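S.K.: Shown below is the structure under consideration.
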Amino acid sequence: MAGKKANIAVLVSGGGTNLQALIDAEKNGIIRSGTIRLVVSNNSKAYAVTRAENAGIRVEVLTKKAMCGGSQEEFERRLSAILEENSIDLIVLAGFMSILSEDFTKHFDKRIINVHPSLIPSFCGKGFYGLKVHEAVLKKGVKVTGATVHFVNEIPDGGEIILQKAVEVEEGDTPEILQKRVMENAEWIILPEAAEKICAQITGK
């Protein structure tokens with residue numbers, strides 16, 4: 001596959017700030033070995049869909065409840081079909097609020113990455129997402145937090161770590177202020193870096 005770019009699919013559920021960081025990174029040459037070919041949202045109203053459309057990226061909306069009768073199996077079957085149709089090499093979870101099964105993650109072994117807003121193994125696993133992570137960090141009184149990009153397996157936040165970046169917790173932080181700092185100083189930096197790293201490995205660059 002040398003000389004060819006890896007095809008990236010970004011899976012989203014919400015505002016799409018991490019998706020925007022990836023789009024910008026491709027535009028700015030940080031992601032050189034891959035191209036964002038597809039965005040899949042499990043929420044038709046997600047602003048991430050608008051971000052993708054504005055960037056001219058193909059969008060597929062796939063909702064478990066309305067389109068798959070609430071069946072995880074059917075959802076993953078249709079998701080796999082969409083990914084294969086678009087010859088996707090790397091799947092990036094960017095605020096994707098749906099746990100993927102062992103069957104799915106094994107099928108795409110070492111081809112799915114996720115960004116988590118803490119330094120794994122702290123403040124991760126079931127129930128730790130979004131603001132809940134930053135609330136827990138502040139409650140515990142830790143002085144350093146950050147973000148982690150990891151491979152995805154069947155255990156929430158349980159896959160091998162690819163990149164981490166530390167962020168200091170400051171006096172007077174609220175969960176919202178801390179969330180913004182972790183996004184700006186860690187997530188938006190290491191997610192594109194990790195995507196480039198894996199794409200380069202896939203393409204043999």
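Identifiers for the structure tokens are assigned positionally: chains receive A, B, ... in sequence, residues are indexed from 1 per chain, and ligands are indexed from 1 in the order shown.
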I'd like the neighbourhood of A:Ala200 as number ranges by chain, where a residue qualifies if any of its atoms comes within 8 Å (using only C-alpha atoms), though same-chain residues fewer than 3 positions away should be ignored.

M.R.: A: 6, 33-34, 196-197, 203-205

S.K.: Could you turn the residues from that selection into a file that holds N, CA and C atoms, as a CSV table (one decimal), in the first residue's frame?

M.R.:
```
chain,number,residue,atom,x,y,z
A,6,ALA,N,-4.1,6.0,3.5
A,6,ALA,CA,-5.1,5.2,4.2
A,6,ALA,C,-6.4,6.0,4.3
A,33,SER,N,-0.5,10.8,5.8
A,33,SER,CA,-0.6,9.4,5.3
A,33,SER,C,-2.0,8.8,5.2
A,34,GLY,N,-3.0,9.7,5.6
A,34,GLY,CA,-4.4,9.3,5.5
A,34,GLY,C,-5.3,10.4,5.1
A,196,GLU,N,-2.2,9.9,12.3
A,196,GLU,CA,-1.1,10.0,11.3
A,196,GLU,C,-0.1,8.8,11.6
A,197,LYS,N,0.2,8.5,12.8
A,197,LYS,CA,1.1,7.4,13.2
A,197,LYS,C,0.6,6.1,12.7
A,203,THR,N,0.1,2.2,5.7
A,203,THR,CA,0.5,2.4,4.3
A,203,THR,C,2.0,2.1,4.1
A,204,GLY,N,2.7,1.8,5.2
A,204,GLY,CA,4.1,1.3,5.1
A,204,GLY,C,5.0,2.5,4.8
A,205,LYS,N,4.6,3.7,5.3
A,205,LYS,CA,5.5,4.9,5.0
A,205,LYS,C,6.5,5.0,6.1
```

S.K.: Per DSSP on the backbone, filter stretch 44-151 of chain A down to the residues in strand (DSSP E) and report them as a list in words.

M.R.: Arg58, Val59, Glu60, Val61, Leu90, Ile91, Val92, Leu93, Ile112, Ile113, Asn114, Val115, His116, Val144, Thr145, Gly146, Ala147, Thr148, Val149, His150 and Phe151 of chain A

S.K.: Write out as CSV the residues of stretch 31-108 of chain A that have any atom within 7 Å of an atom of stretch 151-173 of chain A, one row each with the nearest atom pair and its distance in Å to one decimal, counting only C-alpha atoms, sorted by chain and then rising number.

M.R.:
```
residue,atom,partner,partner_atom,distance
A:Leu100,CA,A:Glu154,CA,6.6
A:Ser101,CA,A:Glu154,CA,5.6
A:Glu102,CA,A:Glu154,CA,4.5
A:Thr105,CA,A:Asn153,CA,5.3
```

S.K.: Identify, on the basis of only C-alpha atoms, every residue whose closest approach to A:Phe128 does not exceed 12 Å; exclude the query and any residue fewer than 4 positions from it along the same chain; express the result as a PyMOL selection string.

M.R.: chain A and resi 97+116-118+120-124+132-137+156-157

S.K.: Out of A:Asn43, A:Gln201, A:Asn185, A:Thr63, which residue has the shortest atom-to-atom distance to A:Ala21 when counting only C-alpha atoms?

M.R.: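 Closest candidate: A:Asn185.
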
S.K.: Of the candidates A:Val40, A:Ala25, A:Ala66, A:Leu138, which shows the shortest atom-to-atom distance to A:Gly95, using only C-alpha atoms?

M.R.: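 Ranked by minimum distance to A:Gly95, first place goes to A:Val40.
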
S.K.: Calculate how many Å separate atom CA of A:Arg111 from atom CA of A:Thr148, rounding to one decimal.

M.R.: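 Those two atoms sit 16.3 Å apart.
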
S.K.: With only C-alpha atoms as the atoms that count, which of A:Ile8, A:Asp89, A:Gln72, A:Arg32 lies nearest to A:Ile57?

M.R.: A:Ile8

S.K.: I'd like the contact shell of A:Ala52 - 12 Å cut-off, only C-alpha atoms, skipping same-chain residues fewer than 6 positions apart - returned as a ChimeraX atom specification.

M.R.: /A:9-12,15-24,36-41,46,58-61

S.K.: Closest to A:Lys126 among A:Lys106, A:Ile99, A:Thr50, A:Gly141, using only C-alpha atoms?

M.R.: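 Once distances to A:Lys126 are computed over only C-alpha atoms, the minimum belongs to A:Ile99.
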
S.K.: Just list as number ranges by chain whatever in stretch 14-161 of chain A DSSP marks as helix (DSSP H, G or I).

M.R.: A: 17-27, 47-54, 64-68, 72-85, 102-107, 131-140

S.K.: What is the atom CA of A:Gly29 to atom CA of A:Ile112 distance in Å?

M.R.: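 Between these atoms lies a distance of 21.5 Å.
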